[in-house]
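Visitor: PDB, C-alpha atoms, file target34.pdb:
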```pdb
ATOM      1  CA  MET A1071     137.474 237.851 158.920  1.00  0.00           C
ATOM      2  CA  ASP A1072     136.308 236.375 155.619  1.00  0.00           C
ATOM      3  CA  THR A1073     139.144 236.311 153.064  1.00  0.00           C
ATOM      4  CA  SER A1074     136.747 236.504 150.123  1.00  0.00           C
ATOM      5  CA  ARG A1075     135.421 239.896 151.245  1.00  0.00           C
ATOM      6  CA  ASN A1076     138.920 241.229 151.886  1.00  0.00           C
ATOM      7  CA  ALA A1077     140.132 240.034 148.492  1.00  0.00           C
ATOM      8  CA  TRP A1078     137.062 241.467 146.793  1.00  0.00           C
ATOM      9  CA  SER A1079     137.693 244.925 148.260  1.00  0.00           C
ATOM     10  CA  MET A1080     141.365 244.706 147.332  1.00  0.00           C
ATOM     11  CA  ILE A1081     140.606 243.793 143.713  1.00  0.00           C
ATOM     12  CA  ARG A1082     137.926 246.463 143.371  1.00  0.00           C
ATOM     13  CA  ASN A1083     140.233 249.173 144.705  1.00  0.00           C
ATOM     14  CA  LEU A1084     143.227 247.968 142.722  1.00  0.00           C
ATOM     15  CA  PHE A1085     141.509 247.840 139.344  1.00  0.00           C
ATOM     16  CA  GLY A1086     138.949 250.603 139.906  1.00  0.00           C
ATOM     17  CA  ILE A1087     135.964 248.491 138.872  1.00  0.00           C
ATOM     18  CA  THR A1088     132.590 247.586 140.289  1.00  0.00           C
ATOM     19  CA  ARG A1089     131.210 244.150 140.962  1.00  0.00           C
ATOM     20  CA  LYS A1090     129.294 242.624 138.076  1.00  0.00           C
ATOM     21  CA  GLN A1091     127.931 239.291 136.956  1.00  0.00           C
ATOM     22  CA  SER A1092     128.660 237.879 133.525  1.00  0.00           C
ATOM     23  CA  GLY A1093     125.264 236.292 133.067  1.00  0.00           C
ATOM     24  CA  GLY A1094     123.627 233.254 134.614  1.00  0.00           C
ATOM     25  CA  GLY A1095     124.122 229.582 133.993  1.00  0.00           C
ATOM     26  CA  ASP A1096     125.954 228.016 136.920  1.00  0.00           C
ATOM     27  CA  PRO A1097     123.664 228.195 139.983  1.00  0.00           C
ATOM     28  CA  LEU A1098     126.548 228.237 142.470  1.00  0.00           C
ATOM     29  CA  THR A1099     128.700 231.028 141.043  1.00  0.00           C
ATOM     30  CA  GLY A1100     126.228 232.780 138.743  1.00  0.00           C
ATOM     31  CA  LEU A1101     128.761 232.494 135.919  1.00  0.00           C
ATOM     32  CA  PRO A1102     128.096 231.255 132.386  1.00  0.00           C
ATOM     33  CA  VAL A1103     128.826 227.575 131.792  1.00  0.00           C
ATOM     34  CA  ARG A1104     131.055 225.939 129.181  1.00  0.00           C
ATOM     35  CA  SER A1105     128.555 225.966 126.298  1.00  0.00           C
ATOM     36  CA  ALA A1106     127.838 229.689 126.662  1.00  0.00           C
ATOM     37  CA  PHE A1107     131.534 230.412 127.050  1.00  0.00           C
ATOM     38  CA  LEU A1108     132.441 228.603 123.832  1.00  0.00           C
ATOM     39  CA  GLN A1109     129.868 230.673 121.958  1.00  0.00           C
ATOM     40  CA  ARG A1110     131.366 233.868 123.369  1.00  0.00           C
ATOM     41  CA  LEU A1111     134.865 232.644 122.508  1.00  0.00           C
ATOM     42  CA  SER A1112     133.847 232.069 118.884  1.00  0.00           C
ATOM     43  CA  GLN A1113     132.458 235.604 118.722  1.00  0.00           C
ATOM     44  CA  ALA A1114     135.662 237.004 120.212  1.00  0.00           C
ATOM     45  CA  ARG A1115     137.803 235.241 117.606  1.00  0.00           C
ATOM     46  CA  ARG A1116     135.814 236.859 114.817  1.00  0.00           C
ATOM     47  CA  ALA A1117     136.083 240.272 116.478  1.00  0.00           C
ATOM     48  CA  GLY A1118     139.867 240.358 116.876  1.00  0.00           C
ATOM     49  CA  GLU A1119     142.743 239.196 119.044  1.00  0.00           C
ATOM     50  CA  SER A1120     142.147 237.670 122.455  1.00  0.00           C
ATOM     51  CA  ALA A1121     143.748 235.543 125.133  1.00  0.00           C
ATOM     52  CA  LEU A1122     142.157 232.654 126.984  1.00  0.00           C
ATOM     53  CA  ILE A1123     143.212 231.622 130.484  1.00  0.00           C
ATOM     54  CA  VAL A1124     141.893 228.351 131.916  1.00  0.00           C
ATOM     55  CA  VAL A1125     142.204 228.223 135.707  1.00  0.00           C
ATOM     56  CA  ASP A1126     142.213 224.867 137.497  1.00  0.00           C
ATOM     57  CA  ILE A1127     141.916 224.627 141.293  1.00  0.00           C
ATOM     58  CA  ALA A1128     144.626 222.168 142.287  1.00  0.00           C
ATOM     59  CA  GLY A1129     143.414 219.459 144.660  1.00  0.00           C
ATOM     60  CA  TYR A1130     139.869 220.804 144.829  1.00  0.00           C
ATOM     61  CA  HIS A1131     138.354 217.386 145.472  1.00  0.00           C
ATOM     62  CA  GLN A1132     140.680 216.920 148.442  1.00  0.00           C
ATOM     63  CA  ILE A1133     139.503 220.267 149.806  1.00  0.00           C
ATOM     64  CA  THR A1134     135.899 219.050 149.778  1.00  0.00           C
ATOM     65  CA  LEU A1135     136.900 215.765 151.429  1.00  0.00           C
ATOM     66  CA  THR A1136     138.836 217.559 154.167  1.00  0.00           C
ATOM     67  CA  TYR A1137     136.644 220.588 154.846  1.00  0.00           C
ATOM     68  CA  GLY A1138     133.271 219.580 153.409  1.00  0.00           C
ATOM     69  CA  GLU A1139     131.277 220.499 150.316  1.00  0.00           C
ATOM     70  CA  TYR A1140     130.056 223.786 151.792  1.00  0.00           C
ATOM     71  CA  THR A1141     133.611 225.062 152.171  1.00  0.00           C
ATOM     72  CA  GLY A1142     134.444 223.736 148.714  1.00  0.00           C
ATOM     73  CA  ASP A1143     131.538 225.763 147.350  1.00  0.00           C
ATOM     74  CA  ARG A1144     132.875 228.862 149.104  1.00  0.00           C
ATOM     75  CA  VAL A1145     136.221 228.366 147.369  1.00  0.00           C
ATOM     76  CA  LEU A1146     134.491 228.103 143.986  1.00  0.00           C
ATOM     77  CA  GLN A1147     132.478 231.249 144.673  1.00  0.00           C
ATOM     78  CA  PHE A1148     135.615 233.125 145.698  1.00  0.00           C
ATOM     79  CA  VAL A1149     137.433 232.140 142.511  1.00  0.00           C
ATOM     80  CA  GLY A1150     134.419 233.047 140.376  1.00  0.00           C
ATOM     81  CA  GLU A1151     133.954 236.460 141.985  1.00  0.00           C
ATOM     82  CA  SER A1152     137.671 237.200 141.745  1.00  0.00           C
ATOM     83  CA  LEU A1153     137.789 236.440 138.022  1.00  0.00           C
ATOM     84  CA  VAL A1154     134.680 238.525 137.371  1.00  0.00           C
ATOM     85  CA  ALA A1155     136.345 241.384 139.241  1.00  0.00           C
ATOM     86  CA  MET A1156     139.314 241.206 136.888  1.00  0.00           C
ATOM     87  CA  CYS A1157     137.117 241.561 133.801  1.00  0.00           C
ATOM     88  CA  ARG A1158     137.309 244.772 131.819  1.00  0.00           C
ATOM     89  CA  GLY A1159     134.578 245.933 129.443  1.00  0.00           C
ATOM     90  CA  ASN A1160     134.596 243.086 126.901  1.00  0.00           C
ATOM     91  CA  ASP A1161     136.322 240.429 128.999  1.00  0.00           C
ATOM     92  CA  TYR A1162     134.377 237.339 129.992  1.00  0.00           C
ATOM     93  CA  ALA A1163     134.572 234.851 132.866  1.00  0.00           C
ATOM     94  CA  ALA A1164     132.886 231.448 133.088  1.00  0.00           C
ATOM     95  CA  ARG A1165     132.879 228.199 135.003  1.00  0.00           C
ATOM     96  CA  VAL A1166     133.829 225.557 132.451  1.00  0.00           C
ATOM     97  CA  GLY A1167     134.223 222.510 134.688  1.00  0.00           C
ATOM     98  CA  ASP A1168     133.715 221.152 138.174  1.00  0.00           C
ATOM     99  CA  ASP A1169     136.892 222.852 139.413  1.00  0.00           C
ATOM    100  CA  GLN A1170     137.860 224.857 136.339  1.00  0.00           C
ATOM    101  CA  PHE A1171     137.196 228.420 135.257  1.00  0.00           C
ATOM    102  CA  ALA A1172     138.001 230.406 132.131  1.00  0.00           C
ATOM    103  CA  LEU A1173     138.885 234.050 131.667  1.00  0.00           C
ATOM    104  CA  LEU A1174     138.690 235.539 128.172  1.00  0.00           C
ATOM    105  CA  LEU A1175     140.704 238.725 127.696  1.00  0.00           C
ATOM    106  CA  SER A1176     139.710 240.716 124.622  1.00  0.00           C
ATOM    107  CA  GLY A1177     141.994 242.939 122.576  1.00  0.00           C
ATOM    108  CA  VAL A1178     145.183 241.444 124.016  1.00  0.00           C
ATOM    109  CA  LEU A1179     148.315 242.128 121.954  1.00  0.00           C
ATOM    110  CA  SER A1180     151.224 240.689 123.941  1.00  0.00           C
ATOM    111  CA  GLU A1181     152.209 237.749 126.113  1.00  0.00           C
ATOM    112  CA  GLU A1182     153.464 240.234 128.707  1.00  0.00           C
ATOM    113  CA  HIS A1183     149.946 241.583 129.197  1.00  0.00           C
ATOM    114  CA  VAL A1184     148.549 238.077 129.674  1.00  0.00           C
ATOM    115  CA  LEU A1185     151.416 237.073 131.943  1.00  0.00           C
ATOM    116  CA  LEU A1186     150.549 240.014 134.183  1.00  0.00           C
ATOM    117  CA  ALA A1187     146.962 238.746 134.333  1.00  0.00           C
ATOM    118  CA  THR A1188     148.123 235.260 135.392  1.00  0.00           C
ATOM    119  CA  HIS A1189     150.264 236.845 138.109  1.00  0.00           C
ATOM    120  CA  ARG A1190     147.203 238.704 139.380  1.00  0.00           C
ATOM    121  CA  VAL A1191     145.219 235.469 139.530  1.00  0.00           C
ATOM    122  CA  ALA A1192     148.040 233.623 141.311  1.00  0.00           C
ATOM    123  CA  SER A1193     148.435 236.474 143.817  1.00  0.00           C
ATOM    124  CA  LEU A1194     144.898 235.831 145.074  1.00  0.00           C
ATOM    125  CA  PHE A1195     146.137 232.587 146.621  1.00  0.00           C
ATOM    126  CA  GLU A1196     149.484 233.654 148.051  1.00  0.00           C
ATOM    127  CA  ALA A1197     147.961 233.578 151.540  1.00  0.00           C
ATOM    128  CA  PRO A1198     145.526 230.926 152.806  1.00  0.00           C
ATOM    129  CA  LEU A1199     141.845 231.686 152.287  1.00  0.00           C
ATOM    130  CA  THR A1200     139.794 232.035 155.445  1.00  0.00           C
ATOM    131  CA  PHE A1201     136.199 230.815 155.638  1.00  0.00           C
ATOM    132  CA  ASP A1202     134.377 230.678 158.988  1.00  0.00           C
ATOM    133  CA  GLY A1203     137.662 230.465 160.861  1.00  0.00           C
ATOM    134  CA  LEU A1204     139.160 227.801 158.584  1.00  0.00           C
ATOM    135  CA  ARG A1205     142.450 228.639 156.867  1.00  0.00           C
ATOM    136  CA  ILE A1206     142.661 226.840 153.527  1.00  0.00           C
ATOM    137  CA  LEU A1207     145.702 226.804 151.279  1.00  0.00           C
ATOM    138  CA  VAL A1208     144.581 226.920 147.645  1.00  0.00           C
ATOM    139  CA  ARG A1209     146.765 226.676 144.565  1.00  0.00           C
ATOM    140  CA  VAL A1210     145.835 227.036 140.915  1.00  0.00           C
ATOM    141  CA  ASN A1211     147.322 225.933 137.608  1.00  0.00           C
ATOM    142  CA  MET A1212     146.670 228.004 134.506  1.00  0.00           C
ATOM    143  CA  GLY A1213     146.807 227.291 130.805  1.00  0.00           C
ATOM    144  CA  VAL A1214     146.992 230.201 128.378  1.00  0.00           C
ATOM    145  CA  CYS A1215     146.230 230.241 124.666  1.00  0.00           C
ATOM    146  CA  LEU A1216     146.508 233.361 122.519  1.00  0.00           C
ATOM    147  CA  SER A1217     144.165 233.608 119.551  1.00  0.00           C
ATOM    148  CA  THR A1218     147.167 234.289 117.326  1.00  0.00           C
ATOM    149  CA  THR A1219     148.762 230.911 118.118  1.00  0.00           C
ATOM    150  CA  VAL A1220     145.940 228.698 116.824  1.00  0.00           C
ATOM    151  CA  LYS A1221     143.923 228.460 113.644  1.00  0.00           C
ATOM    152  CA  GLY A1222     140.333 227.342 113.332  1.00  0.00           C
ATOM    153  CA  ALA A1223     137.367 227.878 115.637  1.00  0.00           C
ATOM    154  CA  GLY A1224     136.990 228.901 119.251  1.00  0.00           C
ATOM    155  CA  ILE A1225     137.052 225.279 120.404  1.00  0.00           C
ATOM    156  CA  ASP A1226     140.617 225.024 119.064  1.00  0.00           C
ATOM    157  CA  GLN A1227     141.728 227.922 121.238  1.00  0.00           C
ATOM    158  CA  PHE A1228     139.931 226.371 124.197  1.00  0.00           C
ATOM    159  CA  GLU A1229     141.608 223.001 123.648  1.00  0.00           C
ATOM    160  CA  GLY A1230     144.959 224.771 123.407  1.00  0.00           C
ATOM    161  CA  ALA A1231     144.406 226.437 126.776  1.00  0.00           C
ATOM    162  CA  MET A1232     143.295 223.122 128.298  1.00  0.00           C
ATOM    163  CA  LYS A1233     146.392 221.413 126.954  1.00  0.00           C
ATOM    164  CA  ALA A1234     148.612 224.093 128.471  1.00  0.00           C
ATOM    165  CA  MET A1235     146.749 223.840 131.782  1.00  0.00           C
ATOM    166  CA  TYR A1236     147.366 220.087 132.029  1.00  0.00           C
ATOM    167  CA  LEU A1237     151.024 220.678 131.240  1.00  0.00           C
ATOM    168  CA  ALA A1238     151.085 223.195 134.095  1.00  0.00           C
ATOM    169  CA  LYS A1239     149.536 220.617 136.441  1.00  0.00           C
ATOM    170  CA  ARG A1240     152.072 217.940 135.526  1.00  0.00           C
ATOM    171  CA  SER A1241     155.018 220.302 135.857  1.00  0.00           C
ATOM    172  CA  SER A1242     153.643 222.072 138.976  1.00  0.00           C
ATOM    173  CA  GLU A1243     153.965 225.408 137.196  1.00  0.00           C
ATOM    174  CA  SER A1244     151.621 228.273 137.920  1.00  0.00           C
ATOM    175  CA  ALA A1245     150.958 229.036 134.244  1.00  0.00           C
ATOM    176  CA  VAL A1246     151.947 227.592 130.873  1.00  0.00           C
ATOM    177  CA  PHE A1247     151.424 229.187 127.462  1.00  0.00           C
ATOM    178  CA  TYR A1248     150.208 226.908 124.695  1.00  0.00           C
ATOM    179  CA  GLN A1249     152.653 226.437 121.842  1.00  0.00           C
ATOM    180  CA  PRO A1250     151.626 224.601 118.645  1.00  0.00           C
ATOM    181  CA  GLY A1251     153.570 221.394 118.180  1.00  0.00           C
ATOM    182  CA  GLU A1252     154.218 221.071 121.909  1.00  0.00           C
ATOM    183  CA  THR A1253     156.283 217.924 122.374  1.00  0.00           C
ATOM    184  CA  ARG A1254     156.152 217.403 126.113  1.00  0.00           C
ATOM    185  CA  GLU A1255     155.107 213.951 127.209  1.00  0.00           C
ATOM    186  CA  GLU A1256     151.527 213.063 126.251  1.00  0.00           C
ATOM    187  CA  GLY A1257     150.740 216.699 125.501  1.00  0.00           C
ATOM    188  CA  ASP A1258     148.738 215.801 122.396  1.00  0.00           C
ATOM    189  CA  GLU A1259     146.010 214.097 124.447  1.00  0.00           C
ATOM    190  CA  SER A1260     144.507 217.312 125.803  1.00  0.00           C
ATOM    191  CA  PRO A1261     141.227 216.902 123.863  1.00  0.00           C
ATOM    192  CA  LEU A1262     140.782 213.478 125.469  1.00  0.00           C
ATOM    193  CA  LEU A1263     141.651 214.900 128.887  1.00  0.00           C
ATOM    194  CA  SER A1264     139.047 217.612 128.426  1.00  0.00           C
ATOM    195  CA  ARG A1265     136.421 215.068 127.389  1.00  0.00           C
ATOM    196  CA  PHE A1266     137.333 212.904 130.363  1.00  0.00           C
ATOM    197  CA  LYS A1267     136.683 215.800 132.755  1.00  0.00           C
ATOM    198  CA  GLN A1268     133.319 216.339 131.089  1.00  0.00           C
ATOM    199  CA  ALA A1269     132.553 212.623 131.350  1.00  0.00           C
ATOM    200  CA  ILE A1270     133.088 212.725 135.119  1.00  0.00           C
ATOM    201  CA  GLU A1271     130.912 215.809 135.509  1.00  0.00           C
ATOM    202  CA  ASN A1272     128.155 214.280 133.342  1.00  0.00           C
ATOM    203  CA  SER A1273     128.297 210.904 135.158  1.00  0.00           C
ATOM    204  CA  GLU A1274     129.212 209.079 131.939  1.00  0.00           C
ATOM    205  CA  LEU A1275     131.512 206.617 133.705  1.00  0.00           C
ATOM    206  CA  GLU A1276     129.935 203.314 134.726  1.00  0.00           C
ATOM    207  CA  LEU A1277     130.880 200.809 137.398  1.00  0.00           C
ATOM    208  CA  VAL A1278     130.616 197.206 136.209  1.00  0.00           C
ATOM    209  CA  PHE A1279     130.992 194.131 138.414  1.00  0.00           C
ATOM    210  CA  GLN A1280     132.672 191.064 136.949  1.00  0.00           C
ATOM    211  CA  ALA A1281     132.268 187.754 138.748  1.00  0.00           C
ATOM    212  CA  LYS A1282     135.356 185.932 140.060  1.00  0.00           C
ATOM    213  CA  GLN A1283     135.282 182.181 139.559  1.00  0.00           C
ATOM    214  CA  ASP A1284     136.802 179.601 141.898  1.00  0.00           C
ATOM    215  CA  VAL A1285     137.933 176.993 139.363  1.00  0.00           C
ATOM    216  CA  GLN A1286     138.500 174.223 141.913  1.00  0.00           C
ATOM    217  CA  ARG A1287     135.026 174.558 143.422  1.00  0.00           C
ATOM    218  CA  SER A1288     133.325 175.684 140.193  1.00  0.00           C
ATOM    219  CA  ALA A1289     131.656 178.491 142.107  1.00  0.00           C
ATOM    220  CA  VAL A1290     131.578 182.271 142.183  1.00  0.00           C
ATOM    221  CA  CYS A1291     133.873 183.500 144.954  1.00  0.00           C
ATOM    222  CA  GLY A1292     133.523 187.252 144.601  1.00  0.00           C
ATOM    223  CA  ALA A1293     133.348 190.135 142.179  1.00  0.00           C
ATOM    224  CA  GLU A1294     135.772 192.630 140.672  1.00  0.00           C
ATOM    225  CA  ALA A1295     134.706 196.242 140.158  1.00  0.00           C
ATOM    226  CA  LEU A1296     135.671 197.686 136.772  1.00  0.00           C
ATOM    227  CA  ILE A1297     135.258 201.230 135.483  1.00  0.00           C
ATOM    228  CA  ARG A1298     133.785 201.714 132.008  1.00  0.00           C
ATOM    229  CA  TRP A1299     133.554 204.768 129.769  1.00  0.00           C
ATOM    230  CA  ARG A1300     131.703 204.559 126.473  1.00  0.00           C
ATOM    231  CA  ASN A1301     132.019 207.736 124.415  1.00  0.00           C
ATOM    232  CA  ALA A1302     129.773 208.361 121.407  1.00  0.00           C
ATOM    233  CA  GLU A1303     132.729 209.504 119.269  1.00  0.00           C
ATOM    234  CA  LEU A1304     135.640 207.540 120.724  1.00  0.00           C
ATOM    235  CA  GLY A1305     133.883 204.276 121.532  1.00  0.00           C
ATOM    236  CA  GLU A1306     134.773 202.293 124.656  1.00  0.00           C
ATOM    237  CA  ILE A1307     137.883 203.511 126.462  1.00  0.00           C
ATOM    238  CA  ASN A1308     140.218 200.922 127.981  1.00  0.00           C
ATOM    239  CA  PRO A1309     139.978 200.856 131.826  1.00  0.00           C
ATOM    240  CA  ARG A1310     143.751 201.254 132.137  1.00  0.00           C
ATOM    241  CA  ARG A1311     143.507 204.354 129.938  1.00  0.00           C
ATOM    242  CA  ILE A1312     140.792 205.702 132.231  1.00  0.00           C
ATOM    243  CA  VAL A1313     143.038 205.274 135.274  1.00  0.00           C
ATOM    244  CA  SER A1314     145.891 206.986 133.421  1.00  0.00           C
ATOM    245  CA  LEU A1315     143.647 209.922 132.511  1.00  0.00           C
ATOM    246  CA  ALA A1316     142.392 210.176 136.093  1.00  0.00           C
ATOM    247  CA  LYS A1317     145.966 210.354 137.381  1.00  0.00           C
ATOM    248  CA  ARG A1318     146.844 213.126 134.939  1.00  0.00           C
ATOM    249  CA  THR A1319     143.763 215.218 135.715  1.00  0.00           C
ATOM    250  CA  GLY A1320     144.029 214.700 139.476  1.00  0.00           C
ATOM    251  CA  ASP A1321     140.715 212.814 139.650  1.00  0.00           C
ATOM    252  CA  LEU A1322     141.974 209.372 140.647  1.00  0.00           C
ATOM    253  CA  ASP A1323     140.606 209.683 144.183  1.00  0.00           C
ATOM    254  CA  ARG A1324     137.151 210.314 142.718  1.00  0.00           C
ATOM    255  CA  LEU A1325     137.216 206.865 141.102  1.00  0.00           C
ATOM    256  CA  THR A1326     138.218 204.974 144.246  1.00  0.00           C
TER     257      THR A1326
END
```
Could the structure of this file be written out as structure tokens, please?
Guide:
Amino acid sequence: MDTSRNAWSMIRNLFGITRKQSGGGDPLTGLPVRSAFLQRLSQARRAGESALIVVDIAGYHQITLTYGEYTGDRVLQFVGESLVAMCRGNDYAARVGDDQFALLLSGVLSEEHVLLATHRVASLFEAPLTFDGLRILVRVNMGVCLSTTVKGAGIDQFEGAMKAMYLAKRSSESAVFYQPGETREEGDESPLLSRFKQAIENSELELVFQAKQDVQRSAVCGAEALIRWRNAELGEINPRRIVSLAKRTGDLDRLT
């Protein structure tokens, strides 16, 4: 039996809500994309307190390599539908990356309330998902940022949640709350990590071949493949930095 249908019925009965879509944008899940989500986040910050949860599917690329893109798409659809099902009246769900989703909870007053929401998300993956007879173990890492912990615009709250999510990935924790002045290793690079994920999705990385020279024979004996990333704001990123970023975001296998 299809796990996604079972989980959907469970969520609907548990929370007493009906299935709904949060507006178009992403053709696979029907969810809004990052740009629309950031606009909604800015509106929410002006309206009052909120909490943002960024959900990353751990090892998603490996799932597609092992089970195929169709099954990977089914996983994405399941996550999207599950987050939409958790939305209350003014809450908002979106797909903000290749394997990342965001859930905006409006009118949230305490960390305990948000922590309960992260537990509900994590509980969706306690048992393997089943698609067409395949049992797939899925894990997620979540970053949480409360509107009261950051100043500035919606993008600042989003970057805070992304930073916390990457900390969760590195520490293998289910969820991490963003704290200003976080001093864990390399935690201040979250904006660059977020841009790197976008660069992969937008095919901004380039493969360049550099000739290898045989000095004794004065002839070309081969070529070395190098990865390049030229960002309009940051300039050209060092290849070693790119590899480091790929390791931290779990995308290294996508570059090899």
Visitor: Tell me which residues the PyMOL selection byres ((chain A and resi 1198) around 12) grabs here, as a PyMOL selection string.
Guide: chain A and resi 1072-1074+1077+1145+1193-1197+1199-1201+1203-1209
Visitor: Pick the closest to Ala1121 (chain A) from A:Arg1104, A:Lys1221, A:Arg1165, A:His1183: which is it, counting only C-alpha atoms?
Guide: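 Under the stated criterion, the closest residue is A:His1183.
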Visitor: Between CA of Lys1239 (chain A) and CA of Asp1126 (chain A), measure the distance and give it in Å to one decimal.
Guide: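 So the answer is 8.5 Å.
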Visitor: What would the selection look like, as a list in words, if the PyMOL selection byres ((chain A and resi 1132) around 12) were run on the coordinates I just shared?
Guide: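 With the PyMOL selection byres ((chain A and resi 1132) around 12) on this model, the match is Ile1127, Ala1128, Gly1129, Tyr1130, His1131, Ile1133, Thr1134, Leu1135, Thr1136, Tyr1137, Gly1138, Glu1139, Thr1141, Gly1142, Asp1169, Ile1206, Leu1207, Val1208, Gly1320, Asp1321, Leu1322, Asp1323 and Arg1324 of chain A.
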Visitor: Using all atoms listed in the file, which of A:Gly1213, A:Gly1177, A:Pro1309, A:Pro1102 sits nearest Arg1158 (chain A)?
Guide: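 Among the listed residues, the smallest separation from Arg1158 (chain A) belongs to A:Gly1177.
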Visitor: Please, what distance in Å, to one decimal, runs between CA of Glu1276 (chain A) and CA of Trp1299 (chain A)?
Guide: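 Here the two named atoms are 6.3 Å from each other.
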Visitor: Considering all atoms listed in the file, can you say which of A:Asn1211, A:Ser1264, A:Thr1099, A:Ser1176 comes closest to His1189 (chain A)?
Guide: A:Asn1211
Visitor: Please compute the CA of Leu1101 (chain A)-CA of Gln1147 (chain A) distance, one decimal, in Å.
Guide: 9.6 Å
Visitor: When you look at Leu1216 (chain A) with a cut-off of 12 Å (counting all atoms listed in the file), what residues show up, excluding the ones that are within fewer than 3 positions of it in the same chain? I need them as an MDAnalysis selection string.
Guide: chainID A and resid 1111 1114:1115 1118:1124 1173:1185 1213 1219:1221 1224 1226:1231 1234 1246:1250
Visitor: Can you tell me, as a VMD selection string, what residues are no more than 12 Å from Arg1311 (chain A) when counting all atoms listed in the file, ignoring any on the same chain fewer than 4 positions away?
Guide: chain A and resid 1259 1262 to 1263 1266 1297 to 1299 1306 to 1307 1315 to 1318 1322
Visitor: Include C-alpha atoms and write out the residues we just selected as a PDB file, in the coordinates of the input.
Guide:
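See again_29.pdb below for the written result:
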```pdb
ATOM      1  CA  GLU A1259     146.010 214.097 124.447  1.00  0.00           C
ATOM      2  CA  LEU A1262     140.782 213.478 125.469  1.00  0.00           C
ATOM      3  CA  LEU A1263     141.651 214.900 128.887  1.00  0.00           C
ATOM      4  CA  PHE A1266     137.333 212.904 130.363  1.00  0.00           C
ATOM      5  CA  ILE A1297     135.258 201.230 135.483  1.00  0.00           C
ATOM      6  CA  ARG A1298     133.785 201.714 132.008  1.00  0.00           C
ATOM      7  CA  TRP A1299     133.554 204.768 129.769  1.00  0.00           C
ATOM      8  CA  GLU A1306     134.773 202.293 124.656  1.00  0.00           C
ATOM      9  CA  ILE A1307     137.883 203.511 126.462  1.00  0.00           C
ATOM     10  CA  LEU A1315     143.647 209.922 132.511  1.00  0.00           C
ATOM     11  CA  ALA A1316     142.392 210.176 136.093  1.00  0.00           C
ATOM     12  CA  LYS A1317     145.966 210.354 137.381  1.00  0.00           C
ATOM     13  CA  ARG A1318     146.844 213.126 134.939  1.00  0.00           C
ATOM     14  CA  LEU A1322     141.974 209.372 140.647  1.00  0.00           C
TER      15      LEU A1322
END
```
Visitor: Quick one: residues within 10 Å of Gly1167 (chain A), all atoms listed in the file, excluding same-chain residues fewer than 4 positions away - as a list of chain:residue names?
Guide: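 Neighbouring residues, sequence-local ones excluded: A:Val1103, A:Arg1104, A:Val1125, A:Asp1126, A:Phe1171, A:Ala1172, A:Ser1264, A:Lys1267, A:Gln1268, A:Ile1270, A:Glu1271.
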Visitor: Would you save the residues from that selection as a JSON list (two decimals), keeping the file's coordinate frame, using C-alpha atoms?
Guide:
```json
[["chain", "number", "residue", "atom", "x", "y", "z"],
["A", 1103, "VAL", "CA", 128.83, 227.58, 131.79],
["A", 1104, "ARG", "CA", 131.06, 225.94, 129.18],
["A", 1125, "VAL", "CA", 142.20, 228.22, 135.71],
["A", 1126, "ASP", "CA", 142.21, 224.87, 137.50],
["A", 1171, "PHE", "CA", 137.20, 228.42, 135.26],
["A", 1172, "ALA", "CA", 138.00, 230.41, 132.13],
["A", 1264, "SER", "CA", 139.05, 217.61, 128.43],
["A", 1267, "LYS", "CA", 136.68, 215.80, 132.76],
["A", 1268, "GLN", "CA", 133.32, 216.34, 131.09],
["A", 1270, "ILE", "CA", 133.09, 212.72, 135.12],
["A", 1271, "GLU", "CA", 130.91, 215.81, 135.51]]
```
Visitor: Determine the nearest neighbour of Val1154 (chain A) from the options A:Asp1202, A:Gly1100, A:Asn1272, A:Ala1245, counting all atoms listed in the file.
Guide: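 Residue with the minimum atom-to-atom distance to Val1154 (chain A): A:Gly1100.
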